[in-house]
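Written below as structure tokens is the structure these notes are about.
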Number of protein chains: 2
Amino acid sequence: MNADEGLSRLRALGFGDADAQELWAHFDGAERRGKQGHGHARIPWLEALEGYEPSARPSLAESEEGFQRWHGGGAIGYLVLGHVVRAQLERPPVHARLVVCERTFPTGMLGHQVRRLADAGLVAVLTATSPARLGHPSGGPKVAGTNPLAIGIPSSAGAPIVVDVSMGAVTWGDVVAGLAEEEQLVPFGGDQAHKAFALALGLQLLVDSLVREEGHGAVLLVAQPAADPVPALRDLAVGVRLPGDSK
Amino acid sequence: MNADEGLSRLRALGFGDADAQELWAHFDGAERRGKQGHGHARIPWLEALEGYEPSARPSLAESEEGFQRWHGGGAIGYLVLGHVVRAQLERPPVHARLVVCERTFPTGMLGHQVRRLADAGLVAVLTATSPARLGHPSGGPKVAGTNPLAIGIPSSAGAPIVVDVSMGAVTWGDVVAGLAEEEQLVPFGGDQAHKAFALALGLQLLVDSLVREEGHGAVLLVAQPAADPVPALRDLAVGVRLPGDSK
């Protein structure tokens, strides 16, 4: 899918020009990073999705120096996070800020958002919940989403490090894109899958315990760096593909 | 090892009564939870360890409502975190607080600390760095510690959920305790070990980017819950062993 087609299909869904551009940048960025599950396939998926309002805007429900609470207000999660990230860039924390995003779903490739913050010199950690698709490896009901953890670390030289790890062996996006079967969607880790299950559940409860209104959400930590560890790491790890680097 | 022997050996190292009690509670708690690598074996290990001062105390270098920076001041990491956790319990955040702990090593079983916060009704996320023992699964130098992530979620009914996941397939503590060989210390996850490697590296850079003084440290997020998701999770997951529950 090229940009013309993608943007035109997004506008046909009712998204304004700027929002269509933001969504296309997200989907096309994922596609280019080899994360097809969060890529172009999400446009037909959005065409079939219900429960979002293309013209809705998130609102800031609480705001302190070190804490913000946003409500998605019916907007689609990608755009809620985009809005929240721009708000952090416009008014970064003096030290650190925890940002709780209620009713924020779906959120896509979280690395996209922490990369924007890291590109601007901010340390960022982001997680988000999604429908329960992971069960304990020993059995029982599905109780946790694939709930990724993304970490962005700025660098004074070269690209930031961008970690973006889903706790599923495959992503739901891969299932959406036809790249994996739903049965393959289990916690990653093989005989240590209980670890990824525990992380998925812990991240989910972190979000669920911080939101006032039930429903999928996201939690973002933004902080000012006090040091610049990436250049030394890149010097040490010459030849190693570090998280977030292009293939 | 019984409590009398453990406490007496800790006091012989120069620790005061209260500190010896705190260390013993940590090691014996780990032993009882089946985490022998963080258990009694750490007492002979401490007897051989250099570089800490049994009577040292951490200091609070910066303090705002939503941010604190502590310096270990030569104290052993277990006791630094114990001190920092007590400080959070004495003056919890209104909403959320990021706590950076510089020169804080070794820190042991991080679940022990987030459990104390969750038992008191606070949401807690904690990570800490340790010597580089994990390399990328495709090869290259060892660049990341086993850098666990611990998450504690309070519950109005029953025990809190306590996640405590090391990014290593085994822990260094297991190696110390003679339960594993050093060669087994690789990122967990089998053919998806690149995910645990990315998490270990991301958590390490998070700490390394927030500390002002180089060296191993810890980063703690403490927050007030706005919801109480654990009881409903326990109802849904009857029969499933949830993270932090006794075996």
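Letters A, B, ... go to the chains of the structure tokens in the order shown; residues in each chain start at 1; ligands are counted from 1 in the same order.
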Rows by chain and residue number, chain A within 6 Å of chain B, shortest pair, only C-alpha atoms, as CSV:
```
residue,atom,partner,partner_atom,distance
A:Gly66,CA,B:Gly66,CA,4.9
A:Ile151,CA,B:Gly202,CA,5.9
A:Val163,CA,B:Ala198,CA,5.9
A:Gly189,CA,B:Gly189,CA,3.6
A:Ala198,CA,B:Pro243,CA,5.9
A:Gly202,CA,B:Ile151,CA,5.9
A:Ser209,CA,B:Ala227,CA,4.6
A:Leu210,CA,B:Ala226,CA,4.9
A:Val211,CA,B:Ala226,CA,5.8
A:Arg212,CA,B:Ala226,CA,5.4
A:Pro225,CA,B:Leu210,CA,5.1
A:Ala226,CA,B:Leu210,CA,4.9
A:Ala227,CA,B:Ser209,CA,4.6
A:Asp228,CA,B:Ser209,CA,5.7
A:Pro229,CA,B:Ser209,CA,5.9
A:Pro243,CA,B:Ala198,CA,5.9
```
Could you write out that same residue set with C-alpha atoms as a PDB file, in the first residue's frame?
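To be explicit, this is the file written out as result39.pdb:
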```
ATOM      1  CA  GLY A  66       5.099  14.803  38.161  1.00  0.00           C
ATOM      2  CA  ILE A 151      11.812   1.788  26.540  1.00  0.00           C
ATOM      3  CA  VAL A 163      13.246  -1.502  23.087  1.00  0.00           C
ATOM      4  CA  GLY A 189       9.891 -17.987  26.384  1.00  0.00           C
ATOM      5  CA  ALA A 198       4.238 -12.829  34.765  1.00  0.00           C
ATOM      6  CA  GLY A 202       2.208  -7.382  36.028  1.00  0.00           C
ATOM      7  CA  SER A 209      -4.528  -0.244  39.089  1.00  0.00           C
ATOM      8  CA  LEU A 210      -3.744   3.288  37.906  1.00  0.00           C
ATOM      9  CA  VAL A 211      -6.798   3.987  35.728  1.00  0.00           C
ATOM     10  CA  ARG A 212      -9.990   5.318  37.284  1.00  0.00           C
ATOM     11  CA  PRO A 225      18.272  11.888  31.573  1.00  0.00           C
ATOM     12  CA  ALA A 226      21.108  12.590  33.995  1.00  0.00           C
ATOM     13  CA  ALA A 227      23.639  10.627  31.937  1.00  0.00           C
ATOM     14  CA  ASP A 228      24.262   9.520  28.358  1.00  0.00           C
ATOM     15  CA  PRO A 229      25.056   5.782  28.412  1.00  0.00           C
ATOM     16  CA  PRO A 243      17.185  -2.874  20.033  1.00  0.00           C
TER      17      PRO A 243
END
```
Legend entry - Contacts of B:Leu60 at 8 Å (only C-alpha atoms; same-chain gap of 5+ positions) as a ChimeraX atom specification: /B:68-71
Legend entry - atom CA of B:Lys35 to atom CA of B:Leu126, distance in Å rounded to a single decimal: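 Pair atom CA of B:Lys35 / atom CA of B:Leu126 returns 17.8 Å.
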Inset, instruction - Enumerate, as a ChimeraX atom specification, the complete set of residues in stretch 1-238 of chain A that a backbone-based DSSP assignment places in strand (DSSP E). - result: /A:59-64,67-71,96-102,123-128,134-135,142-144,149-153,161-165,218-223
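The two atoms in question, atom CA of A:Thr171 and atom CA of B:Gly168, are spaced 22.5 Å apart.
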Legend entry - Who sits within 7 Å of stretch 104-106 of chain B, only C-alpha atoms, same chain under 5 positions skipped, as a count of residues only: 8
So that I can check the surroundings of stretch 10-23 of chain A, please list as a PDB file with C-alpha atoms, in the first residue's frame every protein, DNA and RNA residue that reaches within 12 Å of it, counting only C-alpha atoms and ignoring chain neighbours fewer than 5 positions away.
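New file selection-v7.pdb:
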```pdb
ATOM      1  CA  ALA A   3       0.946   6.662   1.045  1.00  0.00           C
ATOM      2  CA  ASP A   4      -1.704   8.017  -1.320  1.00  0.00           C
ATOM      3  CA  GLU A   5      -3.897   4.971  -0.922  1.00  0.00           C
ATOM      4  CA  ASP A  28       4.143   2.798   7.517  1.00  0.00           C
ATOM      5  CA  GLY A  29       6.899   3.112  10.137  1.00  0.00           C
ATOM      6  CA  ALA A  30       5.923  -0.295  11.541  1.00  0.00           C
ATOM      7  CA  HIS A  38       1.336  -3.092  13.268  1.00  0.00           C
ATOM      8  CA  GLY A  39       1.706  -1.949   9.671  1.00  0.00           C
ATOM      9  CA  HIS A  40      -0.465  -1.408   6.618  1.00  0.00           C
ATOM     10  CA  ARG A  42      -4.107  -2.137  10.302  1.00  0.00           C
ATOM     11  CA  ILE A  43      -5.909   0.040   7.753  1.00  0.00           C
ATOM     12  CA  PRO A  44      -8.400  -2.644   6.616  1.00  0.00           C
ATOM     13  CA  TRP A  45      -8.566  -3.668  10.279  1.00  0.00           C
ATOM     14  CA  LEU A  46      -9.560  -0.101  11.247  1.00  0.00           C
ATOM     15  CA  GLU A  47     -12.127  -0.141   8.454  1.00  0.00           C
ATOM     16  CA  ALA A  48     -13.812  -3.052  10.244  1.00  0.00           C
ATOM     17  CA  LEU A  49     -13.276  -1.780  13.821  1.00  0.00           C
ATOM     18  CA  GLU A  50     -16.077  -0.162  15.809  1.00  0.00           C
ATOM     19  CA  TYR A  52     -13.945   4.887  18.082  1.00  0.00           C
ATOM     20  CA  GLU A  53     -14.821   8.381  16.978  1.00  0.00           C
ATOM     21  CA  PRO A  54     -12.500   9.756  14.267  1.00  0.00           C
ATOM     22  CA  SER A  55     -12.958  13.368  15.359  1.00  0.00           C
ATOM     23  CA  ALA A  56     -12.709  12.740  19.133  1.00  0.00           C
ATOM     24  CA  ARG A  57      -9.908  14.303  21.175  1.00  0.00           C
ATOM     25  CA  ALA A  75     -10.460   8.793  20.211  1.00  0.00           C
ATOM     26  CA  ILE A  76      -8.530   5.847  18.838  1.00  0.00           C
ATOM     27  CA  GLY A  77      -5.574   4.870  21.021  1.00  0.00           C
ATOM     28  CA  TYR A  78      -2.876   5.618  18.439  1.00  0.00           C
ATOM     29  CA  LEU A  79      -4.033   9.233  18.308  1.00  0.00           C
ATOM     30  CA  VAL A  80      -4.453   9.495  22.083  1.00  0.00           C
ATOM     31  CA  LEU A  81      -0.825   8.469  22.571  1.00  0.00           C
ATOM     32  CA  GLY A  82       0.287  10.748  19.758  1.00  0.00           C
ATOM     33  CA  HIS A  83      -1.461  13.666  21.464  1.00  0.00           C
ATOM     34  CA  ARG A  86       3.247  15.856  21.848  1.00  0.00           C
ATOM     35  CA  PRO A 106      -5.502   0.287  20.334  1.00  0.00           C
ATOM     36  CA  THR A 107      -2.031   1.730  20.692  1.00  0.00           C
ATOM     37  CA  GLY A 108      -0.029  -0.200  18.097  1.00  0.00           C
ATOM     38  CA  MET A 109       3.753  -0.189  18.054  1.00  0.00           C
ATOM     39  CA  HIS A 112       7.052   4.512  17.760  1.00  0.00           C
ATOM     40  CA  GLN A 113       6.035   6.726  20.678  1.00  0.00           C
TER      41      GLN A 113
END
```
Inset, instruction - Could you tell me how far atom CA of B:Ser156 lies from atom CA of B:Asp235, in Å and to one decimal? - result: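 Separation of atom CA of B:Ser156 and atom CA of B:Asp235: 13.1 Å.
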Inset, instruction - Point out the residue among A:Arg115, A:Ala232, A:Pro160, A:Leu134 with the least atom-to-atom distance to A:Gln184, counting only C-alpha atoms. - result: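 Using only C-alpha atoms, the shortest distance to A:Gln184 belongs to A:Leu134.
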